[in-house]
file data20.pdb (PDB, C-alpha atoms, pLDDT in the B column)
ATOM      1  CA  MET A  25      24.260 -10.645  12.164  1.00 67.00           C
ATOM      2  CA  LEU A  26      22.469  -8.590   9.562  1.00 70.00           C
ATOM      3  CA  ASP A  27      19.824  -5.933  10.153  1.00 64.00           C
ATOM      4  CA  PHE A  28      17.671  -5.456   7.072  1.00 62.00           C
ATOM      5  CA  ARG A  29      16.666  -2.027   5.822  1.00 49.00           C
ATOM      6  CA  GLY A  30      14.420  -0.262   8.292  1.00 58.00           C
ATOM      7  CA  HIS A  31      15.311  -2.684  11.106  1.00 58.00           C
ATOM      8  CA  GLY A  32      17.755  -2.566  14.007  1.00 65.00           C
ATOM      9  CA  HIS A  33      20.806  -0.456  13.252  1.00 69.00           C
ATOM     10  CA  SER A  34      20.190  -0.227   9.500  1.00 66.00           C
ATOM     11  CA  GLY A  35      18.876   2.939   7.926  1.00 69.00           C
ATOM     12  CA  GLY A  36      15.659   3.439   6.069  1.00 67.00           C
ATOM     13  CA  LYS A  37      12.056   3.251   7.111  1.00 66.00           C
ATOM     14  CA  THR A  38      10.580   0.874   4.563  1.00 65.00           C
ATOM     15  CA  ALA A  39      10.763  -2.891   4.341  1.00 65.00           C
ATOM     16  CA  SER A  40      10.165  -4.646   1.026  1.00 57.00           C
ATOM     17  CA  PHE A  41       9.303  -8.041   2.561  1.00 62.00           C
ATOM     18  CA  GLY A  42      12.162  -9.809   0.818  1.00 66.00           C
ATOM     19  CA  PHE A  43      12.143  -8.147  -2.595  1.00 67.00           C
ATOM     20  CA  LEU A  44      15.081  -5.805  -1.886  1.00 75.00           C
ATOM     21  CA  GLU A  45      16.308  -7.597   1.226  1.00 82.00           C
ATOM     22  CA  LEU A  46      17.486 -10.474  -0.950  1.00 86.00           C
ATOM     23  CA  GLN A  47      20.042  -8.060  -2.379  1.00 87.00           C
ATOM     24  CA  GLU A  48      21.196  -7.372   1.174  1.00 88.00           C
ATOM     25  CA  VAL A  49      21.583 -11.099   1.846  1.00 91.00           C
ATOM     26  CA  ARG A  50      23.572 -11.429  -1.403  1.00 93.00           C
ATOM     27  CA  ALA A  51      25.822  -8.551  -0.307  1.00 90.00           C
ATOM     28  CA  ALA A  52      26.364 -10.181   3.092  1.00 90.00           C
ATOM     29  CA  LEU A  53      27.268 -13.501   1.463  1.00 94.00           C
ATOM     30  CA  ASP A  54      29.697 -11.740  -0.870  1.00 93.00           C
ATOM     31  CA  PHE A  55      31.244  -9.922   2.095  1.00 91.00           C
ATOM     32  CA  LEU A  56      31.777 -13.211   3.948  1.00 92.00           C
ATOM     33  CA  ALA A  57      33.288 -14.856   0.873  1.00 93.00           C
ATOM     34  CA  ALA A  58      35.721 -11.953   0.365  1.00 94.00           C
ATOM     35  CA  ASP A  59      36.973 -11.823   3.953  1.00 95.00           C
ATOM     36  CA  PRO A  60      40.064 -14.075   4.259  1.00 95.00           C
ATOM     37  CA  GLY A  61      39.281 -14.803   7.901  1.00 94.00           C
ATOM     38  CA  LEU A  62      35.714 -15.908   7.149  1.00 92.00           C
ATOM     39  CA  LYS A  63      36.029 -17.370   3.663  1.00 88.00           C
ATOM     40  CA  GLY A  64      35.042 -21.004   3.542  1.00 88.00           C
ATOM     41  CA  LEU A  65      33.156 -21.027   6.841  1.00 93.00           C
ATOM     42  CA  PRO A  66      29.657 -22.530   6.690  1.00 96.00           C
ATOM     43  CA  VAL A  67      26.776 -20.075   6.484  1.00 96.00           C
ATOM     44  CA  GLY A  68      23.301 -20.441   7.908  1.00 97.00           C
ATOM     45  CA  CYS A  69      20.312 -18.128   8.157  1.00 96.00           C
ATOM     46  CA  TRP A  70      18.104 -17.652  11.178  1.00 96.00           C
ATOM     47  CA  GLY A  71      15.140 -15.337  10.813  1.00 95.00           C
ATOM     48  CA  VAL A  72      12.124 -14.424  12.876  1.00 94.00           C
ATOM     49  CA  SER A  73       8.772 -13.433  11.364  1.00 92.00           C
ATOM     50  CA  MET A  74       9.512 -11.482   8.151  1.00 89.00           C
ATOM     51  CA  GLY A  75      13.203 -12.292   8.686  1.00 92.00           C
ATOM     52  CA  GLY A  76      12.326 -15.985   8.523  1.00 95.00           C
ATOM     53  CA  SER A  77      10.489 -15.389   5.282  1.00 95.00           C
ATOM     54  CA  ILE A  78      13.528 -13.642   3.826  1.00 93.00           C
ATOM     55  CA  ALA A  79      15.812 -16.425   5.084  1.00 96.00           C
ATOM     56  CA  LEU A  80      13.686 -18.994   3.242  1.00 97.00           C
ATOM     57  CA  LEU A  81      13.586 -16.943   0.041  1.00 96.00           C
ATOM     58  CA  ALA A  82      17.351 -16.407   0.255  1.00 96.00           C
ATOM     59  CA  ALA A  83      18.178 -20.068   0.895  1.00 97.00           C
ATOM     60  CA  ALA A  84      16.106 -21.067  -2.120  1.00 97.00           C
ATOM     61  CA  ARG A  85      18.161 -18.675  -4.248  1.00 96.00           C
ATOM     62  CA  PHE A  86      21.666 -18.849  -2.711  1.00 97.00           C
ATOM     63  CA  ALA A  87      23.278 -22.279  -2.392  1.00 96.00           C
ATOM     64  CA  GLU A  88      25.885 -20.972   0.093  1.00 96.00           C
ATOM     65  CA  ILE A  89      23.217 -21.024   2.798  1.00 97.00           C
ATOM     66  CA  LEU A  90      23.518 -24.493   4.295  1.00 98.00           C
ATOM     67  CA  GLY A  91      20.714 -24.346   6.845  1.00 98.00           C
ATOM     68  CA  VAL A  92      17.715 -22.179   7.703  1.00 98.00           C
ATOM     69  CA  VAL A  93      15.850 -21.557  10.946  1.00 98.00           C
ATOM     70  CA  ALA A  94      12.467 -19.911  10.324  1.00 98.00           C
ATOM     71  CA  ASP A  95      10.700 -18.793  13.508  1.00 98.00           C
ATOM     72  CA  SER A  96       7.159 -17.360  13.501  1.00 97.00           C
ATOM     73  CA  THR A  97       7.205 -17.166   9.711  1.00 96.00           C
ATOM     74  CA  TYR A  98       4.261 -16.816   7.359  1.00 94.00           C
ATOM     75  CA  ALA A  99       3.799 -19.056   4.324  1.00 96.00           C
ATOM     76  CA  GLU A 100       1.982 -16.626   2.041  1.00 93.00           C
ATOM     77  CA  PHE A 101       2.819 -12.939   1.903  1.00 86.00           C
ATOM     78  CA  GLY A 102      -0.676 -11.817   0.862  1.00 84.00           C
ATOM     79  CA  LYS A 103      -2.353 -13.677   3.725  1.00 86.00           C
ATOM     80  CA  ALA A 104       0.143 -12.218   6.198  1.00 82.00           C
ATOM     81  CA  VAL A 105      -0.466  -8.669   4.970  1.00 78.00           C
ATOM     82  CA  ALA A 106      -4.233  -9.149   5.147  1.00 79.00           C
ATOM     83  CA  ARG A 107      -4.049 -10.584   8.651  1.00 80.00           C
ATOM     84  CA  VAL A 108      -1.825  -7.798   9.989  1.00 76.00           C
ATOM     85  CA  GLN A 109      -4.089  -5.199   8.355  1.00 78.00           C
ATOM     86  CA  TRP A 110      -7.061  -6.757  10.084  1.00 79.00           C
ATOM     87  CA  LEU A 111      -5.385  -7.128  13.486  1.00 80.00           C
ATOM     88  CA  THR A 112      -3.895  -3.620  13.425  1.00 81.00           C
ATOM     89  CA  TYR A 113      -6.430  -1.495  11.559  1.00 79.00           C
ATOM     90  CA  HIS A 114      -9.514  -3.749  11.162  1.00 82.00           C
ATOM     91  CA  ILE A 115      -9.234  -3.404   7.380  1.00 78.00           C
ATOM     92  CA  PRO A 116     -11.297  -6.165   5.751  1.00 78.00           C
ATOM     93  CA  ARG A 117      -9.485  -8.296   3.195  1.00 74.00           C
ATOM     94  CA  VAL A 118     -12.124  -7.698   0.542  1.00 77.00           C
ATOM     95  CA  PRO A 119     -11.953  -5.173  -1.055  1.00 77.00           C
ATOM     96  CA  LEU A 120      -9.726  -2.832   0.999  1.00 73.00           C
ATOM     97  CA  GLY A 121      -7.065  -5.390   1.897  1.00 73.00           C
ATOM     98  CA  GLN A 122      -6.804  -6.444  -1.731  1.00 79.00           C
ATOM     99  CA  MET A 123      -6.338  -2.809  -2.742  1.00 80.00           C
ATOM    100  CA  VAL A 124      -3.548  -2.364  -0.190  1.00 77.00           C
ATOM    101  CA  LEU A 125      -1.829  -5.529  -1.410  1.00 72.00           C
ATOM    102  CA  ARG A 126      -2.056  -4.341  -5.023  1.00 83.00           C
ATOM    103  CA  ALA A 127      -0.522  -1.002  -3.973  1.00 80.00           C
ATOM    104  CA  VAL A 128       2.348  -2.895  -2.332  1.00 75.00           C
ATOM    105  CA  GLU A 129       2.875  -4.879  -5.540  1.00 76.00           C
ATOM    106  CA  LEU A 130       2.970  -1.691  -7.610  1.00 82.00           C
ATOM    107  CA  ARG A 131       5.406  -0.032  -5.214  1.00 79.00           C
ATOM    108  CA  LEU A 132       7.746  -3.048  -5.171  1.00 77.00           C
ATOM    109  CA  GLY A 133       7.399  -3.887  -8.831  1.00 80.00           C
ATOM    110  CA  CYS A 134       6.645  -7.559  -8.254  1.00 77.00           C
ATOM    111  CA  ARG A 135       3.698  -9.871  -7.633  1.00 84.00           C
ATOM    112  CA  ALA A 136       2.957 -10.711  -4.014  1.00 76.00           C
ATOM    113  CA  SER A 137       3.205 -14.412  -4.814  1.00 81.00           C
ATOM    114  CA  GLN A 138       6.926 -13.934  -5.629  1.00 86.00           C
ATOM    115  CA  LEU A 139       7.392 -13.256  -1.912  1.00 87.00           C
ATOM    116  CA  ASP A 140       5.611 -16.418  -0.732  1.00 93.00           C
ATOM    117  CA  PRO A 141       8.042 -18.520   1.308  1.00 96.00           C
ATOM    118  CA  VAL A 142       5.865 -21.588   0.721  1.00 97.00           C
ATOM    119  CA  ARG A 143       6.825 -21.438  -2.981  1.00 95.00           C
ATOM    120  CA  ALA A 144      10.542 -21.289  -2.112  1.00 96.00           C
ATOM    121  CA  VAL A 145      10.835 -23.737   0.763  1.00 98.00           C
ATOM    122  CA  GLY A 146      10.779 -26.815  -1.478  1.00 97.00           C
ATOM    123  CA  LEU A 147      13.947 -25.595  -3.205  1.00 97.00           C
ATOM    124  CA  ILE A 148      16.070 -25.627  -0.038  1.00 97.00           C
ATOM    125  CA  ALA A 149      16.649 -29.384   0.250  1.00 97.00           C
ATOM    126  CA  PRO A 150      18.999 -31.179   0.512  1.00 97.00           C
ATOM    127  CA  ARG A 151      20.050 -28.369   2.844  1.00 97.00           C
ATOM    128  CA  SER A 152      18.450 -28.370   6.298  1.00 98.00           C
ATOM    129  CA  LEU A 153      15.374 -26.517   7.532  1.00 98.00           C
ATOM    130  CA  PHE A 154      14.134 -25.915  11.082  1.00 98.00           C
ATOM    131  CA  VAL A 155      10.637 -24.433  11.486  1.00 98.00           C
ATOM    132  CA  ILE A 156       9.779 -22.993  14.908  1.00 98.00           C
ATOM    133  CA  HIS A 157       6.391 -21.587  15.830  1.00 98.00           C
ATOM    134  CA  GLY A 158       4.426 -20.501  18.864  1.00 98.00           C
ATOM    135  CA  GLY A 159       1.215 -22.259  19.788  1.00 98.00           C
ATOM    136  CA  ARG A 160      -0.317 -18.944  20.866  1.00 98.00           C
ATOM    137  CA  ASP A 161       0.802 -16.866  17.878  1.00 97.00           C
ATOM    138  CA  ALA A 162      -2.168 -14.628  17.007  1.00 93.00           C
ATOM    139  CA  THR A 163      -0.255 -12.727  14.303  1.00 93.00           C
ATOM    140  CA  ILE A 164       0.819 -15.668  12.131  1.00 94.00           C
ATOM    141  CA  PRO A 165      -1.431 -18.710  12.670  1.00 93.00           C
ATOM    142  CA  MET A 166       0.271 -22.043  13.238  1.00 95.00           C
ATOM    143  CA  GLU A 167      -1.262 -23.315   9.983  1.00 96.00           C
ATOM    144  CA  GLU A 168       1.100 -21.005   8.086  1.00 94.00           C
ATOM    145  CA  ALA A 169       4.142 -22.666   9.682  1.00 96.00           C
ATOM    146  CA  GLN A 170       2.645 -26.091   9.101  1.00 97.00           C
ATOM    147  CA  SER A 171       2.220 -25.224   5.408  1.00 97.00           C
ATOM    148  CA  LEU A 172       5.901 -24.303   5.225  1.00 98.00           C
ATOM    149  CA  TYR A 173       6.931 -27.513   6.934  1.00 98.00           C
ATOM    150  CA  GLN A 174       4.717 -29.675   4.696  1.00 98.00           C
ATOM    151  CA  ALA A 175       5.999 -28.010   1.515  1.00 98.00           C
ATOM    152  CA  ALA A 176       9.628 -28.552   2.546  1.00 98.00           C
ATOM    153  CA  HIS A 177      11.615 -31.666   1.761  1.00 98.00           C
ATOM    154  CA  GLU A 178      13.897 -33.579   4.114  1.00 97.00           C
ATOM    155  CA  PRO A 179      15.979 -32.840   6.066  1.00 97.00           C
ATOM    156  CA  LYS A 180      13.591 -30.742   8.115  1.00 98.00           C
ATOM    157  CA  GLU A 181      12.657 -30.267  11.751  1.00 98.00           C
ATOM    158  CA  TRP A 182       9.579 -28.869  13.484  1.00 98.00           C
ATOM    159  CA  TRP A 183       9.279 -27.358  16.959  1.00 98.00           C
ATOM    160  CA  LEU A 184       6.012 -26.020  18.349  1.00 98.00           C
ATOM    161  CA  ILE A 185       6.420 -23.995  21.540  1.00 98.00           C
ATOM    162  CA  PRO A 186       2.892 -24.218  23.027  1.00 98.00           C
ATOM    163  CA  GLU A 187       3.067 -21.135  25.261  1.00 98.00           C
ATOM    164  CA  ALA A 188       4.861 -18.869  22.786  1.00 98.00           C
ATOM    165  CA  GLU A 189       3.156 -15.948  21.101  1.00 98.00           C
ATOM    166  CA  HIS A 190       4.424 -14.259  17.948  1.00 97.00           C
ATOM    167  CA  ALA A 191       8.230 -14.243  17.970  1.00 97.00           C
ATOM    168  CA  THR A 192       8.512 -14.959  21.701  1.00 98.00           C
ATOM    169  CA  GLY A 193       9.874 -18.524  21.618  1.00 98.00           C
ATOM    170  CA  TYR A 194      13.430 -17.355  22.296  1.00 98.00           C
ATOM    171  CA  PHE A 195      12.274 -15.366  25.323  1.00 98.00           C
ATOM    172  CA  ASP A 196       9.904 -18.059  26.606  1.00 98.00           C
ATOM    173  CA  ARG A 197      12.501 -20.854  26.491  1.00 98.00           C
ATOM    174  CA  THR A 198      15.846 -19.144  26.046  1.00 98.00           C
ATOM    175  CA  ASP A 199      18.146 -21.990  27.083  1.00 98.00           C
ATOM    176  CA  GLU A 200      16.291 -24.678  25.134  1.00 98.00           C
ATOM    177  CA  TYR A 201      15.917 -22.368  22.122  1.00 98.00           C
ATOM    178  CA  VAL A 202      19.631 -21.581  21.974  1.00 98.00           C
ATOM    179  CA  ARG A 203      20.535 -25.253  22.429  1.00 98.00           C
ATOM    180  CA  ARG A 204      18.167 -26.451  19.694  1.00 98.00           C
ATOM    181  CA  VAL A 205      19.204 -23.791  17.171  1.00 98.00           C
ATOM    182  CA  LYS A 206      22.891 -24.412  17.871  1.00 98.00           C
ATOM    183  CA  GLU A 207      22.476 -28.186  17.472  1.00 98.00           C
ATOM    184  CA  PHE A 208      20.455 -27.669  14.287  1.00 98.00           C
ATOM    185  CA  PHE A 209      23.206 -25.602  12.662  1.00 98.00           C
ATOM    186  CA  GLN A 210      25.925 -28.015  13.817  1.00 98.00           C
ATOM    187  CA  HIS A 211      24.075 -30.918  12.168  1.00 97.00           C
ATOM    188  CA  ALA A 212      23.181 -28.876   9.075  1.00 97.00           C
ATOM    189  CA  PHE A 213      26.810 -27.898   8.540  1.00 97.00           C
ATOM    190  CA  LEU A 214      28.053 -31.465   9.077  1.00 96.00           C
ATOM    191  CA  ARG A 215      25.392 -32.820   6.707  1.00 92.00           C
ATOM    192  CA  ALA A 216      26.446 -30.341   4.021  1.00 87.00           C
ATOM    193  CA  SER A 217      30.191 -31.051   4.284  1.00 83.00           C
TER     194      SER A 217
END
call {"tool": "encode", "arguments": {"input": "data20.pdb", "output": "structure tokens"}}
result
Amino acid sequence: MLDFRGHGHSGGKTASFGFLELQEVRAALDFLAADPGLKGLPVGCWGVSMGGSIALLAAARFAEILGVVADSTYAEFGKAVARVQWLTYHIPRVPLGQMVLRAVELRLGCRASQLDPVRAVGLIAPRSLFVIHGGRDATIPMEEAQSLYQAAHEPKEWWLIPEAEHATGYFDRTDEYVRRVKEFFQHAFLRAS
């Protein structure tokens, strides 16, 4: 398990939405490869919301990742930022939301489009992808997850949890969620071997 900067037990207060977190994924992969007890074991990524976005970006870049589960994940970074700004602060996308997004780009030193999972998801195949989304997700609309799924190549799986809100699928259907994710990774690892 890996907590990105500013999340869980990791230090820091600022997330970079994948720009710097990809370095953290690379460091984790290097750590696993250097540990004699873990070296050679299959590696998968499971991320929720922004973590799913980072998992998709990382899998597109790092071939060691043999399967990805993306739960409640946005397709386009700019749209996600604009939507959260609106839901949280009622900041309209034009012009204030655009100004905030440009400030984020300047701070990170990259274009927002470089952080769009929908641009990366097509690079994951022939490794496996599992997209999970809640039917009642008001934070990231289901259309975002559908865009990810449509842009991906086989092998890929889709699971809509009708009653789930943003990032609640695990809590709404814990047993089924664990079973499906476990089976997905088992098949992804077998497919890749």
call {"tool": "resolve_selection", "arguments": {"input": "data20.pdb", "expression": "the PyMOL selection byres ((chain A and resi 168) around 9)", "output": "VMD selection string"}}
result
chain A and resid 96 to 100 142 164 to 167 169 to 173
call {"tool": "write_last_selection", "arguments": {"input": "data20.pdb", "atoms": "C-alpha atoms", "output": "PDB file, in the frame of the given file"}}
result
ATOM      1  CA  SER A  96       7.159 -17.360  13.501  1.00 97.00           C
ATOM      2  CA  THR A  97       7.205 -17.166   9.711  1.00 96.00           C
ATOM      3  CA  TYR A  98       4.261 -16.816   7.359  1.00 94.00           C
ATOM      4  CA  ALA A  99       3.799 -19.056   4.324  1.00 96.00           C
ATOM      5  CA  GLU A 100       1.982 -16.626   2.041  1.00 93.00           C
ATOM      6  CA  VAL A 142       5.865 -21.588   0.721  1.00 97.00           C
ATOM      7  CA  ILE A 164       0.819 -15.668  12.131  1.00 94.00           C
ATOM      8  CA  PRO A 165      -1.431 -18.710  12.670  1.00 93.00           C
ATOM      9  CA  MET A 166       0.271 -22.043  13.238  1.00 95.00           C
ATOM     10  CA  GLU A 167      -1.262 -23.315   9.983  1.00 96.00           C
ATOM     11  CA  ALA A 169       4.142 -22.666   9.682  1.00 96.00           C
ATOM     12  CA  GLN A 170       2.645 -26.091   9.101  1.00 97.00           C
ATOM     13  CA  SER A 171       2.220 -25.224   5.408  1.00 97.00           C
ATOM     14  CA  LEU A 172       5.901 -24.303   5.225  1.00 98.00           C
ATOM     15  CA  TYR A 173       6.931 -27.513   6.934  1.00 98.00           C
TER      16      TYR A 173
END
call {"tool": "residues_around", "arguments": {"input": "data20.pdb", "residues": "Glu129 of chain A", "least_positions_apart": "3", "cutoff": "12 Å", "atoms": "all atoms listed in the file", "output": "NGL selection string"}}
result
:A and (40-41 or 43 or 101-102 or 105 or 122-126 or 132-139)
call {"tool": "atom_distance", "arguments": {"input": "data20.pdb", "atom1": "atom CA of Thr192 of chain A", "atom2": "atom CA of Val108 of chain A"}}
result
17.2 Å
call {"tool": "resolve_selection", "arguments": {"input": "data20.pdb", "expression": "the PyMOL selection byres ((chain A and resi 47-57) around 8)", "output": "list in words"}}
result
Leu26, Phe28, Phe43, Leu44, Glu45, Leu46, Ala58, Asp59, Pro60, Leu62, Lys63, Gly64, Ala82, Phe86 and Glu88 of chain A
call {"tool": "residues_around", "arguments": {"input": "data20.pdb", "residues": "segment 193-208 of chain A", "least_positions_apart": "3", "cutoff": "10 Å", "atoms": "all atoms listed in the file", "output": "list in words"}}
result
Trp70, Val72, Gly91, Val92, Val93, Asp95, Ser96, Ser152, Leu153, Phe154, Ile156, His157, Gly158, Gly159, Asp161, Lys180, Glu181, Trp183, Leu184, Ile185, Pro186, Glu187, Ala188, Glu189, His190, His211, Ala212, Phe213 and Leu214 of chain A
call {"tool": "atom_distance", "arguments": {"input": "data20.pdb", "atom1": "atom CA of Trp182 of chain A", "atom2": "atom CA of Ile78 of chain A"}}
result
18.5 Å
call {"tool": "resolve_selection", "arguments": {"input": "data20.pdb", "expression": "the PyMOL selection byres ((chain A and resi 81) around 9)", "output": "ChimeraX atom specification"}}
result
/A:42,46,76-80,82-86,139-141,143-145
call {"tool": "atom_distance", "arguments": {"input": "data20.pdb", "atom1": "atom CA of Val128 of chain A", "atom2": "atom CA of Leu147 of chain A"}}
result
25.5 Å
call {"tool": "residues_around", "arguments": {"input": "data20.pdb", "residues": "Gln109 of chain A", "least_positions_apart": "6", "cutoff": "8 Å", "atoms": "all atoms listed in the file", "output": "ChimeraX atom specification"}}
result
/A:115-116,121
call {"tool": "decode", "arguments": {"input": "data20.pdb", "residues": "segment 84-109 of chain A", "atoms": "N, CA and C atoms", "output": "mmCIF file, in the first residue's frame"}}
result
data_model
loop_
_atom_site.group_PDB
_atom_site.id
_atom_site.type_symbol
_atom_site.label_atom_id
_atom_site.label_comp_id
_atom_site.auth_asym_id
_atom_site.auth_seq_id
_atom_site.Cartn_x
_atom_site.Cartn_y
_atom_site.Cartn_z
ATOM 1 N N ALA A 84 0.282 3.459 -17.708
ATOM 2 C CA ALA A 84 0.633 3.828 -19.080
ATOM 3 C C ALA A 84 2.135 4.040 -19.221
ATOM 4 N N ARG A 85 2.787 4.421 -18.145
ATOM 5 C CA ARG A 85 4.218 4.737 -18.187
ATOM 6 C C ARG A 85 5.095 3.568 -17.753
ATOM 7 N N PHE A 86 4.638 2.744 -16.802
ATOM 8 C CA PHE A 86 5.470 1.710 -16.199
ATOM 9 C C PHE A 86 4.927 0.325 -16.522
ATOM 10 N N ALA A 87 5.638 -0.404 -17.358
ATOM 11 C CA ALA A 87 5.192 -1.709 -17.840
ATOM 12 C C ALA A 87 5.112 -2.761 -16.739
ATOM 13 N N GLU A 88 5.748 -2.529 -15.596
ATOM 14 C CA GLU A 88 5.706 -3.506 -14.496
ATOM 15 C C GLU A 88 4.307 -3.659 -13.920
ATOM 16 N N ILE A 89 3.466 -2.658 -14.121
ATOM 17 C CA ILE A 89 2.105 -2.692 -13.596
ATOM 18 C C ILE A 89 1.268 -3.537 -14.540
ATOM 19 N N LEU A 90 0.813 -4.676 -14.049
ATOM 20 C CA LEU A 90 0.154 -5.666 -14.903
ATOM 21 C C LEU A 90 -1.369 -5.552 -14.929
ATOM 22 N N GLY A 91 -1.925 -4.761 -14.040
ATOM 23 C CA GLY A 91 -3.368 -4.576 -14.010
ATOM 24 C C GLY A 91 -3.706 -3.349 -13.193
ATOM 25 N N VAL A 92 -4.811 -2.681 -13.578
ATOM 26 C CA VAL A 92 -5.220 -1.451 -12.900
ATOM 27 C C VAL A 92 -6.705 -1.507 -12.582
ATOM 28 N N VAL A 93 -7.035 -1.171 -11.338
ATOM 29 C CA VAL A 93 -8.420 -0.935 -10.933
ATOM 30 C C VAL A 93 -8.547 0.571 -10.696
ATOM 31 N N ALA A 94 -9.452 1.206 -11.419
ATOM 32 C CA ALA A 94 -9.712 2.637 -11.271
ATOM 33 C C ALA A 94 -11.151 2.817 -10.818
ATOM 34 N N ASP A 95 -11.324 3.271 -9.584
ATOM 35 C CA ASP A 95 -12.643 3.429 -8.971
ATOM 36 C C ASP A 95 -12.928 4.915 -8.783
ATOM 37 N N SER A 96 -14.069 5.361 -9.270
ATOM 38 C CA SER A 96 -14.522 6.752 -9.102
ATOM 39 C C SER A 96 -13.527 7.746 -9.690
ATOM 40 N N THR A 97 -12.999 7.424 -10.850
ATOM 41 C CA THR A 97 -11.898 8.186 -11.438
ATOM 42 C C THR A 97 -12.392 9.085 -12.568
ATOM 43 N N TYR A 98 -11.845 10.288 -12.600
ATOM 44 C CA TYR A 98 -12.174 11.235 -13.664
ATOM 45 C C TYR A 98 -11.370 10.904 -14.923
ATOM 46 N N ALA A 99 -11.882 11.378 -16.056
ATOM 47 C CA ALA A 99 -11.201 11.172 -17.337
ATOM 48 C C ALA A 99 -10.324 12.364 -17.695
ATOM 49 N N GLU A 100 -10.808 13.561 -17.385
ATOM 50 C CA GLU A 100 -10.081 14.778 -17.735
ATOM 51 C C GLU A 100 -9.845 15.610 -16.485
ATOM 52 N N PHE A 101 -8.593 15.907 -16.222
ATOM 53 C CA PHE A 101 -8.206 16.645 -15.030
ATOM 54 C C PHE A 101 -8.889 18.012 -14.947
ATOM 55 N N GLY A 102 -8.873 18.764 -16.035
ATOM 56 C CA GLY A 102 -9.468 20.101 -16.038
ATOM 57 C C GLY A 102 -10.944 20.083 -15.705
ATOM 58 N N LYS A 103 -11.680 19.139 -16.272
ATOM 59 C CA LYS A 103 -13.114 19.021 -15.965
ATOM 60 C C LYS A 103 -13.328 18.677 -14.495
ATOM 61 N N ALA A 104 -12.484 17.799 -13.965
ATOM 62 C CA ALA A 104 -12.616 17.402 -12.559
ATOM 63 C C ALA A 104 -12.357 18.587 -11.636
ATOM 64 N N VAL A 105 -11.325 19.358 -11.933
ATOM 65 C CA VAL A 105 -11.023 20.541 -11.117
ATOM 66 C C VAL A 105 -12.189 21.523 -11.171
ATOM 67 N N ALA A 106 -12.696 21.778 -12.364
ATOM 68 C CA ALA A 106 -13.811 22.715 -12.513
ATOM 69 C C ALA A 106 -15.039 22.246 -11.758
ATOM 70 N N ARG A 107 -15.320 20.946 -11.825
ATOM 71 C CA ARG A 107 -16.504 20.425 -11.144
ATOM 72 C C ARG A 107 -16.354 20.525 -9.626
ATOM 73 N N VAL A 108 -15.200 20.164 -9.103
ATOM 74 C CA VAL A 108 -14.988 20.249 -7.655
ATOM 75 C C VAL A 108 -15.033 21.707 -7.199
ATOM 76 N N GLN A 109 -14.468 22.611 -7.999
ATOM 77 C CA GLN A 109 -14.543 24.037 -7.651
ATOM 78 C C GLN A 109 -15.991 24.499 -7.566
#
